[in-house]
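**Student:** Okay, so here is data-v4.tsv, and as you'll see once you scroll down, it has TSV, C-alpha atoms.
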```tsv
chain	number	residue	atom	x	y	z
A	1191	MET	CA	12.26	-70.54	3.30
A	1192	SER	CA	12.50	-70.25	7.06
A	1193	LYS	CA	10.13	-68.29	9.18
A	1194	ALA	CA	12.93	-65.87	10.16
A	1195	VAL	CA	13.80	-65.15	6.51
A	1196	LYS	CA	10.12	-64.57	5.67
A	1197	SER	CA	9.78	-62.21	8.63
A	1198	ALA	CA	12.94	-60.31	7.61
A	1199	ALA	CA	11.69	-60.04	4.00
A	1200	ALA	CA	8.32	-58.78	5.19
A	1201	LEU	CA	10.03	-56.23	7.45
A	1202	VAL	CA	12.18	-54.97	4.54
A	1203	LEU	CA	9.06	-54.64	2.36
A	1204	ILE	CA	7.28	-52.70	5.09
A	1205	ILE	CA	10.25	-50.36	5.52
A	1206	VAL	CA	10.50	-49.81	1.74
A	1207	PHE	CA	6.77	-49.10	1.61
A	1208	LEU	CA	6.96	-46.63	4.51
A	1209	VAL	CA	9.91	-44.80	2.96
A	1210	PHE	CA	8.12	-44.65	-0.40
A	1211	ALA	CA	4.90	-43.48	1.28
A	1212	GLY	CA	6.83	-40.81	3.19
A	1213	VAL	CA	8.46	-39.51	0.02
A	1214	MET	CA	5.12	-39.42	-1.78
A	1215	MET	CA	3.43	-37.67	1.14
A	1216	ASN	CA	6.21	-35.09	1.25
A	1217	LYS	CA	5.79	-34.42	-2.49
A	1218	ALA	CA	2.02	-34.18	-2.08
A	1219	SER	CA	2.45	-31.86	0.88
A	1220	LYS	CA	4.78	-29.58	-1.13
A	1221	ALA	CA	2.35	-29.57	-4.05
A	1222	LEU	CA	-0.48	-28.65	-1.70
A	1223	GLU	CA	1.58	-25.86	-0.14
A	1224	HIS	CA	2.41	-24.45	-3.57
A	1225	TRP	CA	-1.25	-24.63	-4.55
A	1226	ALA	CA	-2.27	-22.79	-1.37
A	1227	TYR	CA	0.48	-20.19	-1.80
A	1228	PRO	CA	0.88	-19.60	-5.54
A	1229	ILE	CA	3.68	-17.50	-6.92
A	1230	GLU	CA	3.02	-15.90	-10.26
A	1231	TYR	CA	4.53	-12.85	-11.95
A	1232	GLY	CA	7.64	-13.53	-9.84
A	1233	GLU	CA	10.24	-11.40	-11.61
A	1234	MET	CA	7.94	-8.41	-12.04
A	1235	LEU	CA	6.62	-8.54	-8.47
A	1236	THR	CA	10.13	-8.95	-7.07
A	1237	GLU	CA	11.20	-5.82	-8.98
A	1238	LYS	CA	8.20	-3.83	-7.70
A	1239	ALA	CA	8.73	-5.03	-4.13
A	1240	GLN	CA	12.38	-3.98	-4.27
A	1241	GLU	CA	11.62	-0.68	-6.01
A	1242	TYR	CA	9.15	0.37	-3.32
A	1243	GLY	CA	10.75	-1.36	-0.32
A	1244	VAL	CA	7.87	-3.73	0.43
A	1245	PRO	CA	8.55	-7.31	1.58
A	1246	LEU	CA	7.76	-9.72	-1.24
A	1247	SER	CA	5.79	-11.88	1.21
A	1248	VAL	CA	3.46	-8.90	1.81
A	1249	VAL	CA	2.95	-8.37	-1.93
A	1250	TYR	CA	2.15	-12.04	-2.53
A	1251	ALA	CA	-0.16	-12.20	0.52
A	1252	VAL	CA	-2.16	-9.15	-0.57
A	1253	ILE	CA	-2.51	-10.44	-4.13
A	1254	ARG	CA	-3.45	-13.92	-2.85
A	1255	GLN	CA	-6.26	-12.36	-0.82
A	1256	GLU	CA	-7.36	-9.74	-3.33
A	1257	SER	CA	-7.50	-11.68	-6.61
A	1258	ASN	CA	-5.74	-15.02	-6.14
A	1259	PHE	CA	-3.45	-13.90	-8.99
A	1260	ASP	CA	-6.29	-13.31	-11.49
A	1261	PRO	CA	-5.38	-10.16	-13.46
A	1262	THR	CA	-8.93	-9.90	-14.82
A	1263	ALA	CA	-10.57	-9.92	-11.37
A	1264	GLU	CA	-13.11	-7.21	-10.67
A	1265	SER	CA	-14.87	-6.77	-7.34
A	1266	ARG	CA	-18.52	-5.97	-6.82
A	1267	VAL	CA	-17.50	-2.37	-6.07
A	1268	GLY	CA	-15.34	-2.03	-9.19
A	1269	ALA	CA	-11.82	-2.71	-7.90
A	1270	ARG	CA	-9.65	-4.15	-10.67
A	1271	GLY	CA	-6.81	-6.51	-11.31
A	1272	LEU	CA	-4.26	-8.39	-9.25
A	1273	MET	CA	-4.24	-5.98	-6.33
A	1274	GLN	CA	-7.86	-4.84	-6.68
A	1275	ILE	CA	-7.22	-1.12	-7.12
A	1276	MET	CA	-10.27	1.15	-6.94
A	1277	GLU	CA	-10.63	3.92	-9.53
A	1278	THR	CA	-10.55	6.57	-6.79
A	1279	SER	CA	-7.28	5.07	-5.48
A	1280	TYR	CA	-5.84	5.08	-9.00
A	1281	GLU	CA	-6.75	8.76	-9.42
A	1282	TRP	CA	-5.31	9.70	-6.01
A	1283	ILE	CA	-2.07	7.76	-6.58
A	1284	ASP	CA	-1.70	9.22	-10.07
A	1285	TYR	CA	-2.21	12.74	-8.70
A	1286	TYR	CA	0.11	12.14	-5.72
A	1287	ARG	CA	2.94	10.58	-7.75
A	1288	GLY	CA	2.41	12.70	-10.84
A	1289	ALA	CA	0.57	11.30	-13.83
A	1290	SER	CA	2.21	8.08	-14.98
A	1291	GLY	CA	0.48	7.81	-18.31
A	1292	ALA	CA	-1.51	4.77	-17.18
A	1293	ALA	CA	-5.23	4.87	-17.84
A	1294	TRP	CA	-7.95	3.25	-15.76
A	1295	GLU	CA	-8.45	0.75	-18.60
A	1296	ASP	CA	-4.85	-0.43	-18.02
A	1297	PHE	CA	-5.60	-1.80	-14.56
A	1298	TYR	CA	-6.16	-5.33	-15.81
A	1299	THR	CA	-2.51	-5.29	-16.92
A	1300	PRO	CA	-0.49	-6.97	-14.14
A	1301	GLU	CA	2.50	-4.60	-14.41
A	1302	VAL	CA	0.37	-1.46	-14.14
A	1303	ASN	CA	-1.81	-2.82	-11.37
A	1304	ALA	CA	1.16	-4.07	-9.35
A	1305	ASP	CA	3.01	-0.79	-9.77
A	1306	TYR	CA	0.14	1.12	-8.21
A	1307	GLY	CA	-0.70	-1.54	-5.60
A	1308	VAL	CA	2.85	-2.06	-4.33
A	1309	TRP	CA	3.44	1.68	-4.31
A	1310	LEU	CA	0.28	2.07	-2.22
A	1311	LEU	CA	1.48	-0.57	0.26
A	1312	SER	CA	4.77	1.31	0.57
A	1313	TYR	CA	2.98	4.62	1.11
A	1314	LEU	CA	0.69	3.11	3.76
A	1315	TYR	CA	3.65	1.55	5.56
A	1316	LYS	CA	5.37	4.95	5.72
A	1317	GLU	CA	2.11	6.34	7.12
A	1318	PHE	CA	1.38	3.62	9.70
A	1319	GLY	CA	4.63	1.67	10.27
A	1320	ASN	CA	2.87	-1.62	11.03
A	1321	TRP	CA	1.89	-4.20	8.42
A	1322	GLU	CA	-1.36	-5.26	10.09
A	1323	THR	CA	-2.45	-1.61	10.22
A	1324	VAL	CA	-1.40	-1.28	6.58
A	1325	TYR	CA	-3.61	-4.24	5.65
A	1326	ALA	CA	-6.55	-2.60	7.44
A	1327	ALA	CA	-5.91	0.68	5.60
A	1328	TYR	CA	-5.56	-1.12	2.26
A	1329	ASN	CA	-8.98	-2.68	2.84
A	1330	ALA	CA	-10.98	0.01	4.66
A	1331	GLY	CA	-9.07	3.13	3.63
A	1332	PRO	CA	-6.40	5.13	5.43
A	1333	ASN	CA	-8.73	7.86	6.70
A	1334	ILE	CA	-10.99	5.35	8.44
A	1335	VAL	CA	-7.97	3.64	10.02
A	1336	LYS	CA	-6.68	7.01	11.25
A	1337	LYS	CA	-10.03	7.53	13.03
A	1338	TRP	CA	-9.82	4.07	14.58
A	1339	LEU	CA	-6.28	4.75	15.82
A	1340	LYS	CA	-7.53	7.86	17.65
A	1341	ASP	CA	-10.30	5.89	19.40
A	1342	PRO	CA	-9.23	4.00	22.57
A	1343	GLU	CA	-11.90	1.40	21.85
A	1344	PHE	CA	-9.92	0.35	18.75
A	1345	SER	CA	-6.34	1.32	19.60
A	1346	GLU	CA	-4.65	1.43	22.98
A	1347	ASP	CA	-1.52	3.22	21.77
A	1348	GLY	CA	-2.68	5.22	18.74
A	1349	GLU	CA	-0.37	3.19	16.51
A	1350	THR	CA	-1.75	-0.35	16.36
A	1351	LEU	CA	-5.28	-1.66	16.18
A	1352	CYS	CA	-6.41	-3.92	19.02
A	1353	ASN	CA	-9.96	-4.10	17.71
A	1354	ILE	CA	-11.23	-3.59	14.16
A	1355	PRO	CA	-14.89	-2.58	14.03
A	1356	TYR	CA	-15.49	-3.69	10.43
A	1357	GLU	CA	-15.86	-7.47	10.30
A	1358	GLU	CA	-14.74	-7.56	6.64
A	1359	THR	CA	-11.58	-5.62	7.47
A	1360	SER	CA	-10.88	-7.69	10.56
A	1361	LYS	CA	-11.09	-10.91	8.53
A	1362	TYR	CA	-9.03	-9.33	5.76
A	1363	VAL	CA	-6.20	-8.49	8.17
A	1364	GLU	CA	-6.28	-12.03	9.60
A	1365	LYS	CA	-6.19	-13.64	6.15
A	1366	VAL	CA	-3.42	-11.45	4.73
A	1367	SER	CA	-1.33	-11.95	7.89
A	1368	SER	CA	-1.84	-15.70	7.63
A	1369	TYR	CA	-0.97	-15.74	3.93
A	1370	ARG	CA	2.18	-13.73	4.59
A	1371	ASN	CA	3.25	-16.24	7.24
A	1372	GLY	CA	2.51	-19.04	4.78
A	1373	TYR	CA	4.65	-17.49	2.04
A	1374	ILE	CA	7.48	-17.05	4.51
A	1375	ALA	CA	7.19	-20.66	5.71
A	1376	VAL	CA	6.78	-22.29	2.28
A	1377	TYR	CA	9.25	-20.24	0.24
A	1378	GLY	CA	11.48	-18.65	2.85
A	1379	ILE	CA	10.85	-15.17	1.46
A	1380	ASP	CA	10.18	-11.98	3.34
```
Rewrite the structure of this file - the entire thing - as structure tokens.
**Tutor:**
Amino acid sequence: MSKAVKSAAALVLIIVFLVFAGVMMNKASKALEHWAYPIEYGEMLTEKAQEYGVPLSVVYAVIRQESNFDPTAESRVGARGLMQIMETSYEWIDYYRGASGAAWEDFYTPEVNADYGVWLLSYLYKEFGNWETVYAAYNAGPNIVKKWLKDPEFSEDGETLCNIPYEETSKYVEKVSSYRNGYIAVYGID
């Protein structure tokens, strides 16, 4: 076999290897993206997002941050389920919407938890009109965010937050915003 034929054969093998490696890396990259941005309860969450007019990417991002899709999650302060609803929030939402028949014990049930959580996101968006402000209100509470919006140290225009004084809430807003962007990029949903 001539040197030219051996070189050509080696070049073909290298090209085949690089193509194969590229395909495998692409598959691994997609698997990693799907691991980082899980989608569970898709049909139910899509219905809730549509029912309450909340972008599906927002719903997934909040759940990713709150419980990472664990319906049995409970925080150190007693928030429950996928969207980490507090008992006081449940009581307020139930009063505001009219009793739904759901009990506090039902908040480990994904459908019940998502119904209240997505409704709350919708309510907060109507109140604040900006998703990053909504994320802050979901984490710190709407009354605290209203105070921040009135303070020029935290809001220059009274509508958006330029500075969040609670480190936990500031990090929460950053993470949920990042997760939302990830869901949009990976799945093309909004």
**Student:** For region 1334-1342 of chain A, work out the shell of residues within 12 Å, counting all atoms listed in the file and skipping chain neighbours fewer than 5 positions away, then give it as a list in words.
**Tutor:**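 The contact residues come out as Leu1314, Glu1317, Phe1318, Glu1322, Thr1323, Val1324, Tyr1325, Ala1326, Ala1327, Tyr1328, Asn1329, Asp1347, Gly1348, Glu1349, Thr1350, Leu1351, Cys1352, Asn1353, Ile1354, Pro1355, Tyr1356, Thr1359 and Ser1360 of chain A.
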**Student:** What is the CA of Arg1254 (chain A) to CA of Tyr1227 (chain A) distance in Å?
**Tutor:** 7.5 Å
**Student:** If the box runs along x, y and z of the file and leaves 3 Å on each side of region 1302-1321 of chain A, what are its centre and edge lengths in Å, one decimal, as JSON?
**Tutor:**
```
{"center_x": 1.8, "center_y": 1.1, "center_z": -1.6, "size_x": 13.2, "size_y": 16.5, "size_z": 31.2}
```
**Student:** Would you work out the distance separating CA of Trp1294 (chain A) from CA of Arg1370 (chain A), expressed in Å to one decimal?
**Tutor:**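 So the answer is 28.4 Å.
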**Student:** Find, counting only C-alpha atoms, the residue in A:Val1267, A:Met1234, A:Val1366, A:Val1252 that gets nearest to Thr1299 (chain A).
**Tutor:**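 Checking each of A:Val1267, A:Met1234, A:Val1366, A:Val1252 against Thr1299 (chain A), counting only C-alpha atoms, the winner is A:Met1234.
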**Student:** Pick from A:Pro1332, A:Gly1372, A:Pro1300, A:Pro1261: nearest to Lys1316 (chain A), with all atoms listed in the file counted?
**Tutor:**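 Among A:Pro1332, A:Gly1372, A:Pro1300, A:Pro1261, it is A:Pro1332 that comes nearest to Lys1316 (chain A).
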**Student:** Tell me, in Å to one decimal, how far CA of Ser1345 (chain A) is from CA of Trp1309 (chain A).
**Tutor:**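 Atom-to-atom, CA of Ser1345 (chain A) to CA of Trp1309 (chain A), that is 25.8 Å.
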**Student:** Which is closer to Gly1307 (chain A) than all the others in A:Gly1319, A:Gly1291, A:Gly1271, A:Pro1245, using all atoms listed in the file?
**Tutor:**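 Among A:Gly1319, A:Gly1291, A:Gly1271, A:Pro1245, it is A:Gly1271 that comes nearest to Gly1307 (chain A).
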**Student:** Please determine, counting all atoms listed in the file, which residue among A:Tyr1373, A:Tyr1306, A:Trp1282, A:Phe1259 has the shortest atom-to-atom distance to Ser1247 (chain A).
**Tutor:** A:Tyr1373
**Student:** Which residue is closest to Tyr1242 (chain A)? Choose from A:Glu1277, A:Glu1295, A:Glu1358, A:Asp1305 and count all atoms listed in the file.
**Tutor:**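 Answer, going by the shortest atom-to-atom distance: A:Asp1305.
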**Student:** From the options A:Asn1303, A:Ser1290, A:Gln1240, A:Ser1367, which residue's atoms come nearest to Ala1269 (chain A), counting all atoms listed in the file?
**Tutor:**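 Between A:Asn1303, A:Ser1290, A:Gln1240, A:Ser1367, the residue approaching Ala1269 (chain A) most closely is A:Asn1303.
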